[in-house]
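Everything below concerns the one structure shown next.
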Amino acid sequence: MAKPAAQPHIVSAYTYAELGDGRAQHAALAEECALAISYNDLNQAVMMVSPHHLEDFAVGFSLGNDLIKSIDDIYDIQLRGLGDSREARLQVSSRAFWALKQQRRQMAGTSGCGLCGVDALEQALPALTALPGAALPPLEHLTGLRERIAEQQQLARHSGALHAALFIDASGEIRLCREDIGRHNALDKLIGAIARERIATLGGFALVTSRCSLELLHKAVRAGIDTLVSLSAPTALTVDWARRHRLNLIHLPHHSTPRVYSPAPDEEERP
């Protein structure tokens with residue numbers, strides 16, 4: 001059984017009063033900061049994130065958004081700043097930096113010329129390489145998993161308002177848990193942690209506590225994760241893409257058996 005993750009720093013409790021009752025009460029709230037990400041001193045993005053596991057996020061953001069192809073293209077990561085304003089400065093290989101600049105150049109243009117609209121569609125519906133396909137995880141690896149997840153969600157237990165992404169290995173053990181105010185960020189952190197720790201994903205699966213939308217599928221496929229499990233139902237488009245790209249897609253409802261949406265089940269012939 002995996003040990004719960006080490007307790008990250010949690011902001012001091014804030015006072016509040018219930019409407020109609022003036023008595024002061026206390027609650028811990030989730031932290032949030034602006035994180036500027038740059039590659040070889042070229043600014044790329046500013047993301048609102050939970051300020052823990054930021055190196056994992058920087059790596060996972062880079063891989064999950066196809067900004068780099070391999071963690072080996074990252075030579076160094078420097079984190080700077082405190083409080084609500086921080087920086088992640090990445091030094092990457094010349095090959096990766098050239099590709100990044102080409103991508104940025106292709107996205108240049110005004111809305112009047114129409115290029116931005118086309119590029120936005122290409123970003124939303126990118127060409128992905130299909131996975132090789134893998135066996136579904138055994139049912140026992142998902143049985144009681146909701147309760148096991150709760151043990152790993154250290155931040156959410158104290159403050160709420162956080163999504164989580166976890167990796168369960170081929171033996172059914174929870175190896176990693178990453179939390180964030182953003183569901184995409186949580187999965188980016190998980191992907192980054194898997195890459196940085198060189199964890200083999202074969203036979204394992206990622207689980208997200210949020211709804212499963214197409215952007216999460218993009219990240220899982222790019223990371224080579226064969227199976228994605230979500231606690232909320234996936235969208236129809238996500239199911240279509242999962243089947244097309246040979247990603248196992250499973251919904252884990254509250255009180256019923258896990259539902260496999262991808263691969264598509266063999267439908268019995270109707271009389």
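Here's how to read the names in the structure tokens: chain A, B, ... by the order shown, residue numbers from 1 in each chain, ligand numbers from 1 in the order shown.
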### Query
So which bits of segment 18-196 of chain A end up helix (DSSP H, G or I) when you DSSP the backbone, as a PyMOL selection string?
chain A and resi 54-64+71-73+94-106+111-113+115-124+139-141+145-152+154-159+183-196
### Task
Find the residues around His255 of chain A up to 12 Å (only C-alpha atoms counted), leave out those fewer than 6 positions away in its own chain, and share them as a list in words.
Thr143, Gly144, Leu145, Arg146 and Leu231 of chain A
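For the pair atom CA of Leu190 of chain A and atom CA of Thr238 of chain A, the separation is 19.8 Å.
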### Query
Which of these residues is nearest to Ala30 of chain A, using only C-alpha atoms: A:Ile181, A:Thr129, A:Gln152, A:Gly83?
A:Ile181
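Distances to Arg86 of chain A were evaluated for A:Ala28, A:Val46, A:Ala165, A:Ala127 using only C-alpha atoms, and the minimum falls at A:Val46.
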### Message
Using Å and a single decimal, report how far atom CA of Pro51 of chain A sits from atom CA of Thr15 of chain A.
### Response
21.7 Å
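Across A:Leu19, A:Leu128, A:Ile71, A:Cys177, the tightest approach to Ile149 of chain A is made by A:Cys177 when counting only C-alpha atoms.
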### Residues near segment 34-36 of chain A, cut-off 8 Å, only C-alpha atoms, skip fewer than 6 positions along chain, as a ChimeraX atom specification
/A:43-49,84-88
#### Entry: Surrounding residues of Ala164 of chain A excluding itself and chain neighbours under 3 positions, 9 Å, only C-alpha atoms, as a count of residues only
17
### Message
Applying 10 Å and only C-alpha atoms, which residues near Arg196 of chain A remain after dropping the ones on its own chain fewer than 2 positions away? List them as number ranges by chain.
### Response
A: 55-56, 59-60, 71-72, 190-194, 198-199
### Query
Within 7 Å of Arg243 of chain A, counting only C-alpha atoms, which residues qualify if same-chain residues fewer than 5 places away don't, as a list in words?
Ser262, Pro263 and Ala264 of chain A
Please, could you write that set of residues out with C-alpha atoms as a PDB file, in the first residue's frame?
```pdb
ATOM      1  CA  SER A 262     -13.107   2.590 -24.734  1.00  0.00           C
ATOM      2  CA  PRO A 263     -12.461   0.167 -26.284  1.00  0.00           C
ATOM      3  CA  ALA A 264     -16.024  -0.047 -27.539  1.00  0.00           C
TER       4      ALA A 264
END
```
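Of the residues listed (A:Ser93, A:Ser230, A:Asn185, A:Ser213), A:Ser93 shows the shortest atom-to-atom separation from Ile68 of chain A; distances use only C-alpha atoms.
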### Task
Would you return as a PyMOL selection string the members of segment 30-266 of chain A that DSSP assigns to strand (DSSP E) on this structure's backbone?
chain A and resi 33-39+42-49+74-82+85-92+163-168+174-180+205-208+227-230+248-251+259-262
Include C-alpha atoms and write out the residues we just selected as a PDB file, in the first residue's frame.
```pdb
ATOM      1  CA  CYS A  33      -0.159  31.544  -7.494  1.00  0.00           C
ATOM      2  CA  ALA A  34       0.742  32.816 -10.952  1.00  0.00           C
ATOM      3  CA  LEU A  35       3.581  30.781 -12.464  1.00  0.00           C
ATOM      4  CA  ALA A  36       5.455  32.197 -15.484  1.00  0.00           C
ATOM      5  CA  ILE A  37       7.092  29.492 -17.615  1.00  0.00           C
ATOM      6  CA  SER A  38      10.004  30.245 -19.941  1.00  0.00           C
ATOM      7  CA  TYR A  39      12.310  28.191 -22.168  1.00  0.00           C
ATOM      8  CA  LEU A  42      11.787  32.905 -23.947  1.00  0.00           C
ATOM      9  CA  ASN A  43       8.506  33.495 -22.130  1.00  0.00           C
ATOM     10  CA  GLN A  44       5.883  30.910 -23.039  1.00  0.00           C
ATOM     11  CA  ALA A  45       2.933  31.007 -20.644  1.00  0.00           C
ATOM     12  CA  VAL A  46       1.586  32.153 -17.305  1.00  0.00           C
ATOM     13  CA  MET A  47      -0.515  29.605 -15.456  1.00  0.00           C
ATOM     14  CA  MET A  48      -2.529  29.800 -12.262  1.00  0.00           C
ATOM     15  CA  VAL A  49      -1.483  26.811 -10.161  1.00  0.00           C
ATOM     16  CA  ILE A  74      15.240  19.519 -20.359  1.00  0.00           C
ATOM     17  CA  TYR A  75      18.698  20.317 -19.008  1.00  0.00           C
ATOM     18  CA  ASP A  76      17.757  22.417 -15.984  1.00  0.00           C
ATOM     19  CA  ILE A  77      14.779  23.897 -14.131  1.00  0.00           C
ATOM     20  CA  GLN A  78      15.088  26.927 -11.879  1.00  0.00           C
ATOM     21  CA  LEU A  79      12.205  28.019  -9.684  1.00  0.00           C
ATOM     22  CA  ARG A  80      12.148  31.627  -8.555  1.00  0.00           C
ATOM     23  CA  GLY A  81       9.859  33.861  -6.571  1.00  0.00           C
ATOM     24  CA  LEU A  82       7.642  33.461  -3.551  1.00  0.00           C
ATOM     25  CA  SER A  85       4.163  35.435  -8.215  1.00  0.00           C
ATOM     26  CA  ARG A  86       6.659  32.749  -9.283  1.00  0.00           C
ATOM     27  CA  GLU A  87       8.759  31.663 -12.242  1.00  0.00           C
ATOM     28  CA  ALA A  88       9.849  28.339 -13.724  1.00  0.00           C
ATOM     29  CA  ARG A  89      12.847  28.849 -16.008  1.00  0.00           C
ATOM     30  CA  LEU A  90      13.680  25.818 -18.141  1.00  0.00           C
ATOM     31  CA  GLN A  91      16.866  25.292 -20.103  1.00  0.00           C
ATOM     32  CA  VAL A  92      16.167  22.954 -23.007  1.00  0.00           C
ATOM     33  CA  HIS A 163      -8.462  18.242  -8.157  1.00  0.00           C
ATOM     34  CA  ALA A 164      -6.169  15.223  -8.040  1.00  0.00           C
ATOM     35  CA  ALA A 165      -4.451  12.964 -10.551  1.00  0.00           C
ATOM     36  CA  LEU A 166      -2.985   9.633  -9.466  1.00  0.00           C
ATOM     37  CA  PHE A 167      -0.950   6.857 -11.033  1.00  0.00           C
ATOM     38  CA  ILE A 168      -1.774   3.261 -10.137  1.00  0.00           C
ATOM     39  CA  ILE A 174      -0.988   3.951  -5.874  1.00  0.00           C
ATOM     40  CA  ARG A 175       2.470   5.229  -6.773  1.00  0.00           C
ATOM     41  CA  LEU A 176       1.871   8.955  -7.151  1.00  0.00           C
ATOM     42  CA  CYS A 177      -0.722  11.588  -6.292  1.00  0.00           C
ATOM     43  CA  ARG A 178      -0.614  15.193  -7.431  1.00  0.00           C
ATOM     44  CA  GLU A 179      -3.152  17.901  -6.549  1.00  0.00           C
ATOM     45  CA  ASP A 180      -3.934  21.300  -7.977  1.00  0.00           C
ATOM     46  CA  PHE A 205      -3.300   3.674 -15.329  1.00  0.00           C
ATOM     47  CA  ALA A 206      -3.869   7.316 -14.495  1.00  0.00           C
ATOM     48  CA  LEU A 207      -6.921   8.455 -12.567  1.00  0.00           C
ATOM     49  CA  VAL A 208      -8.393  11.961 -12.470  1.00  0.00           C
ATOM     50  CA  THR A 227      -5.544   3.750 -19.547  1.00  0.00           C
ATOM     51  CA  LEU A 228      -7.315   6.793 -18.141  1.00  0.00           C
ATOM     52  CA  VAL A 229      -9.900   6.482 -15.371  1.00  0.00           C
ATOM     53  CA  SER A 230     -12.150   9.344 -14.281  1.00  0.00           C
ATOM     54  CA  ASN A 248      -8.636   2.653 -22.528  1.00  0.00           C
ATOM     55  CA  LEU A 249     -11.206   5.003 -21.007  1.00  0.00           C
ATOM     56  CA  ILE A 250     -13.066   4.026 -17.848  1.00  0.00           C
ATOM     57  CA  HIS A 251     -15.601   5.886 -15.710  1.00  0.00           C
ATOM     58  CA  ARG A 259     -17.931   1.528 -17.039  1.00  0.00           C
ATOM     59  CA  VAL A 260     -15.557   0.890 -19.939  1.00  0.00           C
ATOM     60  CA  TYR A 261     -16.235   3.384 -22.744  1.00  0.00           C
ATOM     61  CA  SER A 262     -13.107   2.590 -24.734  1.00  0.00           C
TER      62      SER A 262
END
```
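Remark: for Pro258 of chain A, the closest of the candidate residues A:Glu197, A:Thr235, A:His141, A:Ser70 is A:His141 (distances computed over only C-alpha atoms).
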### Message
Here is a test: counting only C-alpha atoms, which residue of A:Asp73, A:Glu215, A:Asp188, A:Glu151 is nearest to Leu125 of chain A?
### Response
A:Glu215
